[in-house]
Structures are given as C-alpha cells and as structure tokens.
$ cat input-v3.cif   # mmCIF, C-alpha atoms
data_coords
#
loop_
_atom_site.label_atom_id
_atom_site.label_comp_id
_atom_site.auth_asym_id
_atom_site.auth_seq_id
_atom_site.Cartn_x
_atom_site.Cartn_y
_atom_site.Cartn_z
CA MET A 1 -4.18 21.03 -4.93
CA LYS A 2 -7.18 19.95 -2.91
CA LYS A 3 -7.26 19.79 0.85
CA CYS A 4 -9.88 18.96 3.42
CA ILE A 5 -11.01 21.55 5.92
CA ALA A 6 -13.01 20.77 9.01
CA THR A 7 -14.07 22.44 12.19
CA MET A 8 -11.67 21.49 14.94
CA ILE A 9 -13.34 20.29 18.10
CA CYS A 10 -11.98 20.12 21.63
CA ALA A 11 -8.55 20.17 23.22
CA ALA A 12 -6.60 17.02 22.51
CA ALA A 13 -3.26 15.45 23.36
CA VAL A 14 -1.02 13.11 21.40
CA GLY A 15 -2.45 9.60 21.33
CA GLY A 16 -5.64 10.52 23.15
CA ALA A 17 -7.61 12.98 21.06
CA TRP A 18 -11.13 11.73 21.69
CA ALA A 19 -10.46 10.96 25.34
CA GLN A 20 -9.44 14.60 25.70
CA ALA A 21 -12.58 15.61 23.81
CA ASN A 22 -14.64 13.93 26.51
CA ASP A 23 -12.61 15.81 29.14
CA THR A 24 -13.47 19.05 27.33
CA ILE A 25 -17.18 18.20 27.44
CA SER A 26 -16.90 17.56 31.19
CA LYS A 27 -15.11 20.88 31.63
CA VAL A 28 -17.75 22.76 29.63
CA LYS A 29 -20.58 21.10 31.56
CA ALA A 30 -19.06 22.02 34.91
CA ALA A 31 -18.34 25.62 33.88
CA GLY A 32 -21.63 26.22 32.11
CA GLU A 33 -19.81 27.99 29.30
CA ILE A 34 -17.93 27.16 26.11
CA THR A 35 -15.26 29.16 24.30
CA MET A 36 -15.49 29.13 20.51
CA GLY A 37 -12.34 29.99 18.57
CA VAL A 38 -13.29 32.12 15.56
CA ARG A 39 -11.47 33.88 12.72
CA ASP A 40 -11.77 37.53 11.72
CA SER A 41 -11.16 36.96 8.00
CA SER A 42 -11.43 33.31 6.92
CA GLY A 43 -13.72 33.95 3.98
CA ALA A 44 -17.24 32.56 4.16
CA LEU A 45 -16.26 30.04 6.84
CA SER A 46 -15.62 32.46 9.72
CA TYR A 47 -15.57 36.25 9.75
CA THR A 48 -16.25 39.15 12.08
CA LEU A 49 -19.37 41.30 11.92
CA GLY A 50 -17.92 43.75 14.41
CA ASP A 51 -18.99 44.40 18.00
CA GLY A 52 -17.82 40.93 19.04
CA LYS A 53 -20.16 39.13 16.64
CA TYR A 54 -19.12 36.43 14.16
CA ALA A 55 -20.72 34.56 11.27
CA GLY A 56 -19.85 32.00 8.60
CA TYR A 57 -20.46 28.43 7.55
CA HIS A 58 -18.20 26.88 10.18
CA VAL A 59 -19.39 29.27 12.87
CA GLU A 60 -22.94 28.09 12.19
CA ILE A 61 -21.86 24.43 12.29
CA CYS A 62 -20.17 25.02 15.65
CA GLN A 63 -23.30 26.71 16.97
CA ARG A 64 -25.30 23.63 15.99
CA ILE A 65 -22.75 21.37 17.69
CA ILE A 66 -23.09 23.47 20.85
CA ALA A 67 -26.90 23.28 20.63
CA ASN A 68 -26.68 19.47 20.44
CA LEU A 69 -24.22 19.46 23.34
CA GLU A 70 -26.70 21.48 25.41
CA LYS A 71 -29.34 18.82 24.78
CA GLN A 72 -26.85 16.10 25.73
CA ILE A 73 -25.85 17.66 29.05
CA GLY A 74 -29.30 19.10 29.80
CA LYS A 75 -28.31 22.72 30.37
CA LYS A 76 -27.89 26.00 28.51
CA LEU A 77 -24.30 27.08 27.88
CA THR A 78 -22.89 30.58 27.66
CA THR A 79 -20.92 30.87 24.41
CA LYS A 80 -17.84 33.08 24.40
CA PHE A 81 -16.03 34.06 21.19
CA LEU A 82 -12.24 34.24 21.08
CA SER A 83 -10.55 35.52 17.93
CA VAL A 84 -7.68 33.20 16.97
CA THR A 85 -5.06 33.25 14.21
CA SER A 86 -3.58 30.58 11.97
CA GLN A 87 -0.52 30.57 14.22
CA ASN A 88 -2.18 30.18 17.64
CA ARG A 89 -5.44 28.29 16.89
CA ILE A 90 -4.04 24.79 17.54
CA PRO A 91 -1.98 25.66 20.66
CA LEU A 92 -5.01 27.45 22.17
CA THR A 93 -7.24 24.48 21.42
CA GLU A 94 -4.64 22.04 22.71
CA ASN A 95 -4.18 23.84 26.03
CA GLY A 96 -7.91 24.28 26.63
CA THR A 97 -8.15 28.05 26.16
CA VAL A 98 -10.44 27.30 23.20
CA ASP A 99 -12.96 24.47 23.52
CA ILE A 100 -13.99 24.32 19.86
CA GLU A 101 -12.34 26.07 16.91
CA CYS A 102 -14.49 27.14 13.98
CA GLY A 103 -12.41 28.49 11.12
CA SER A 104 -10.61 27.18 8.05
CA THR A 105 -8.26 24.66 9.66
CA THR A 106 -6.92 21.91 7.40
CA ASN A 107 -7.35 18.41 8.80
CA ASN A 108 -4.02 16.59 8.31
CA GLU A 109 -2.10 13.80 10.03
CA THR A 110 0.29 16.13 11.86
CA ARG A 111 -2.53 18.13 13.41
CA GLN A 112 -4.51 15.00 14.28
CA LYS A 113 -1.72 14.18 16.76
CA GLN A 114 -2.46 17.44 18.57
CA VAL A 115 -6.24 17.93 18.40
CA ALA A 116 -9.42 16.08 17.49
CA PHE A 117 -11.26 17.03 14.30
CA ALA A 118 -14.94 16.85 13.46
CA PHE A 119 -16.00 15.17 10.23
CA THR A 120 -14.82 16.95 7.09
CA THR A 121 -17.30 19.68 6.26
CA TYR A 122 -15.63 21.54 3.40
CA VAL A 123 -13.18 20.64 0.61
CA GLU A 124 -11.29 23.47 -1.06
CA GLU A 125 -8.64 24.16 -3.68
CA VAL A 126 -5.52 26.20 -3.01
CA ARG A 127 -5.35 29.03 -5.55
CA ILE A 128 -3.03 31.90 -6.50
CA ALA A 129 -4.18 35.52 -6.38
CA ALA A 130 -2.11 38.01 -8.37
CA LYS A 131 -2.51 41.44 -9.93
CA ALA A 132 -4.26 41.32 -13.30
CA ASN A 133 -1.26 43.02 -14.95
CA SER A 134 1.39 40.84 -13.27
CA GLY A 135 1.75 38.26 -16.02
CA ILE A 136 1.29 35.50 -13.44
CA ALA A 137 -0.98 32.81 -14.86
CA GLY A 138 0.31 29.73 -13.02
CA ILE A 139 2.89 28.25 -10.70
CA ALA A 140 5.81 28.60 -13.16
CA GLN A 141 5.47 32.40 -13.17
CA LEU A 142 6.10 32.52 -9.42
CA ASN A 143 9.80 31.82 -10.00
CA GLY A 144 11.89 34.62 -8.50
CA ARG A 145 8.82 36.36 -7.07
CA ASN A 146 7.69 37.33 -3.58
CA VAL A 147 4.75 35.15 -2.51
CA ALA A 148 2.56 36.06 0.45
CA THR A 149 1.14 33.46 2.79
CA THR A 150 -0.37 33.55 6.26
CA THR A 151 1.75 32.35 9.19
CA GLY A 152 0.63 28.92 10.41
CA THR A 153 -1.15 27.81 7.22
CA THR A 154 -0.44 24.88 4.91
CA SER A 155 -1.11 26.42 1.48
CA VAL A 156 2.49 27.19 0.46
CA GLN A 157 3.61 23.78 1.76
CA LEU A 158 1.11 22.19 -0.63
CA LEU A 159 2.24 24.48 -3.44
CA ARG A 160 5.88 23.48 -3.01
CA LYS A 161 4.94 19.80 -3.16
CA HIS A 162 2.96 20.21 -6.39
CA GLU A 163 4.56 18.62 -9.47
CA ARG A 164 4.32 21.90 -11.40
CA ALA A 165 6.39 23.64 -8.70
CA THR A 166 9.52 21.64 -9.56
CA GLY A 167 12.41 24.06 -10.08
CA VAL A 168 10.30 27.07 -9.07
CA ASP A 169 12.10 29.22 -6.51
CA PHE A 170 10.21 32.01 -4.76
CA LYS A 171 10.51 33.97 -1.52
CA GLU A 172 7.78 33.66 1.11
CA ILE A 173 6.50 36.79 2.84
CA PHE A 174 4.32 36.15 5.88
CA GLY A 175 1.19 38.01 6.96
CA LYS A 176 -0.15 37.65 10.49
CA ASP A 177 -3.66 36.90 9.16
CA HIS A 178 -5.37 36.58 5.77
CA ALA A 179 -6.29 40.27 5.58
CA ASP A 180 -2.65 41.20 6.27
CA SER A 181 -1.39 38.75 3.64
CA PHE A 182 -3.81 40.20 1.07
CA LEU A 183 -2.60 43.70 1.90
CA LEU A 184 0.93 42.57 1.01
CA LEU A 185 -0.38 41.70 -2.46
CA GLU A 186 -2.61 44.76 -2.78
CA SER A 187 0.22 47.13 -1.84
CA GLY A 188 2.73 45.50 -4.21
CA ARG A 189 5.02 44.12 -1.51
CA ALA A 190 4.11 40.61 -2.71
CA ASP A 191 3.57 39.45 -6.28
CA ALA A 192 1.07 36.74 -5.35
CA PHE A 193 -0.93 35.41 -2.41
CA VAL A 194 -1.42 31.64 -2.12
CA MET A 195 -4.45 30.55 -0.08
CA ASP A 196 -7.83 28.76 -0.14
CA GLY A 197 -9.89 29.83 -3.13
CA GLN A 198 -12.93 31.01 -1.17
CA ILE A 199 -10.79 33.16 1.12
CA LEU A 200 -9.10 34.80 -1.88
CA ALA A 201 -12.44 35.36 -3.62
CA GLY A 202 -13.86 37.14 -0.58
CA LEU A 203 -10.80 39.35 -0.13
CA ILE A 204 -10.77 40.29 -3.83
CA ALA A 205 -14.49 41.11 -3.78
CA ASN A 206 -13.94 43.50 -0.86
CA ALA A 207 -10.70 45.02 -2.17
CA LYS A 208 -10.34 48.72 -2.94
CA SER A 209 -10.23 47.87 -6.64
CA PRO A 210 -11.41 44.29 -7.32
CA ALA A 211 -10.74 44.62 -11.05
CA ASP A 212 -7.02 44.95 -10.31
#

$ encode --input "input-v3.cif" --output "structure tokens"
Amino acid sequence: MKKCIATMICAAAVGGAWAQANDTISKVKAAGEITMGVRDSSGALSYTLGDGKYAGYHVEICQRIIANLEKQIGKKLTTKFLSVTSQNRIPLTENGTVDIECGSTTNNETRQKQVAFAFTTYVEEVRIAAKANSGIAGIAQLNGRNVATTTGTTSVQLLRKHERATGVDFKEIFGKDHADSFLLLESGRADAFVMDGQILAGLIANAKSPAD
C-alpha cells in the first residue's frame, strides 16, 4: 500500500492552487515573515525538539525552500513555527494561517483541489503495528479488532481499499495525533495501529518497551 508524501506549500483554493501560491509569496514578502506548519510526532519527517524547536527531513526541505524564497525576494524572512495536526493542517494552510506545511501529508487528488503541493519528496508504505503477542501478522487478523488511526489521515482508507481487506471488519479508534494513536495500542485499548512505516518505527523505538 504505497502512497506519496510531499511537503505542502502555500494556501490554495479550488481551481487556482498555484495562483494562490503566488499570492502567498506576495503576502510573505510584504509581512517579512513566514509561518511554517510543523508536526510534533510525524516520525523522521517532522518532530519537536522542545522549546519551540523542530527538526526532520521535511522541516529541513521547507527551510531550504524558505532560503531560496529569501534569495528570490531579496530579503531575510522571520520564520515562525506553528504546530498542526492531521485534522487541521489543510484548513490552516488553505485559509492562510500556515504559509507552508512541512509534515507527512499525503499528496492525493482530493487535497490537490484545496492546496498546492511541492514535488513528491518521500514515498512510504502503510504498515500495521501490533503487540508481539497479539497474533496479528497481516490484514486478515484485524477482523473484529479495534484499530487505531489518527484523525485526518488516509492510512485506514487505503487499508480498506486493499484487496486483502475484503471481508475484514474492524472498528476504528481515533487518536488526535500519532503519539496519541500509538498510546491507544500501547495501553491495549487498540489491537493495532495503521500508519506510515517510518512513523510507526520511530514510535516503537521510543516506546516504554520496544520489544513488546
């Protein structure tokens, strides 16, 4: 179940994404500042260091985009970080609260009608995390189980469309962010957590008991 993930750039409206992107550049130039939407726990792509600092592959890409933008407009910009969630990242980009979003946002046709995307920078597989003693080894074992997912993400949608999910009936339990969704699994309230592989790997590595 592969999907493309890209940094999302600039507020955009239906039918006029790149025109709106140019409007965002004009806005940033006039204000002398740019607001970068970042994630607190999106694996290696965007994560918090604490004290208002953020790092990650897509954070670094966005910083390079901003550096190039500074050269283009001939002035230094003040960069502000705004922590966003899977649920509000697109609305905040669309309404101009966020000028550029740097997380783990899947580039798909529905979202392209709302915002403009940069070129694809990362391709990932959707995976299943489960307890080692759960007996879950694939999609079929999710039947009748509670499956955690993060509100506003596409992973479970992709899972349900997968050919191996035919006839598999499970209940979705929603976390407000990836860390919250993982806690649902870790605490036993969910039997599995479906998400991007690199996000799951990072959460497992930092779990109380990774071997579990």

$ resolve_selection --input "input-v3.cif" --expression "the PyMOL selection byres ((chain A and resi 26-29) around 10)" --output "JSON, numbers by chain"
{"A": [20, 21, 22, 23, 24, 25, 30, 31, 32, 33, 34, 35, 69, 70, 72, 73, 74, 75, 76, 77, 78, 96, 99]}

$ atom_distance --input "input-v3.cif" --atom1 "atom CA of Val126 of chain A" --atom2 "atom CA of Val98 of chain A"
26.7 Å

$ closest_residue --input "input-v3.cif" --among "A:Pro210, A:Gly56, A:Gly144, A:Gly138" --to "Val194 of chain A" --atoms "only C-alpha atoms"
A:Gly138

$ residues_near_point --input "input-v3.cif" --point "(-12.2, 35.6, 5.7)" --cutoff "9 Å" --atoms "all atoms listed in the file" --output "PyMOL selection string"
chain A and resi 39-48+56+103-104+178-179+198-200+202-203

$ atom_distance --input "input-v3.cif" --atom1 "atom CA of Tyr54 of chain A" --atom2 "atom CA of Lys113 of chain A"
28.4 Å

$ resolve_selection --input "input-v3.cif" --expression "the PyMOL selection byres ((chain A and resi 149) around 8)" --output "VMD selection string"
chain A and resid 147 to 148 150 to 151 153 155 to 156 172 to 175 178 181 193 to 195

$ closest_residue --input "input-v3.cif" --among "A:Thr121, A:Asn107, A:Asn206, A:Thr154" --to "Gln87 of chain A" --atoms "only C-alpha atoms"
A:Thr154

$ atom_distance --input "input-v3.cif" --atom1 "atom CA of Thr106 of chain A" --atom2 "atom CA of Gly188 of chain A"
28.0 Å

$ resolve_selection --input "input-v3.cif" --expression "the PyMOL selection byres ((chain A and resi 165) around 12)" --output "list in words"
Met1, Gly138, Ile139, Ala140, Gln141, Leu142, Asn143, Val156, Gln157, Leu158, Leu159, Arg160, Lys161, His162, Glu163, Arg164, Thr166, Gly167, Val168, Asp169 and Phe170 of chain A

$ residues_around --input "input-v3.cif" --residues "Asp191 of chain A" --least-positions-apart "4" --cutoff "7 Å" --atoms "all atoms listed in the file" --output "VMD selection string"
chain A and resid 130 145 to 147 185

$ closest_residue --input "input-v3.cif" --among "A:Ala201, A:Gly37, A:Ser209, A:Ala55" --to "Pro91 of chain A" --atoms "all atoms listed in the file"
A:Gly37

$ closest_residue --input "input-v3.cif" --among "A:Asn108, A:Ser187, A:Gln114, A:Asn133" --to "Thr93 of chain A" --atoms "all atoms listed in the file"
A:Gln114

$ axis_aligned_box --input "input-v3.cif" --around "segment 72-84 of chain A" --padding-each-side "4 Å" --output "JSON"
{"center_x": -18.5, "center_y": 25.8, "center_z": 23.7, "size_x": 29.6, "size_y": 27.4, "size_z": 21.4}

$ closest_residue --input "input-v3.cif" --among "A:Phe117, A:Tyr122, A:Phe182, A:Tyr57" --to "Ala205 of chain A" --atoms "all atoms listed in the file"
A:Phe182
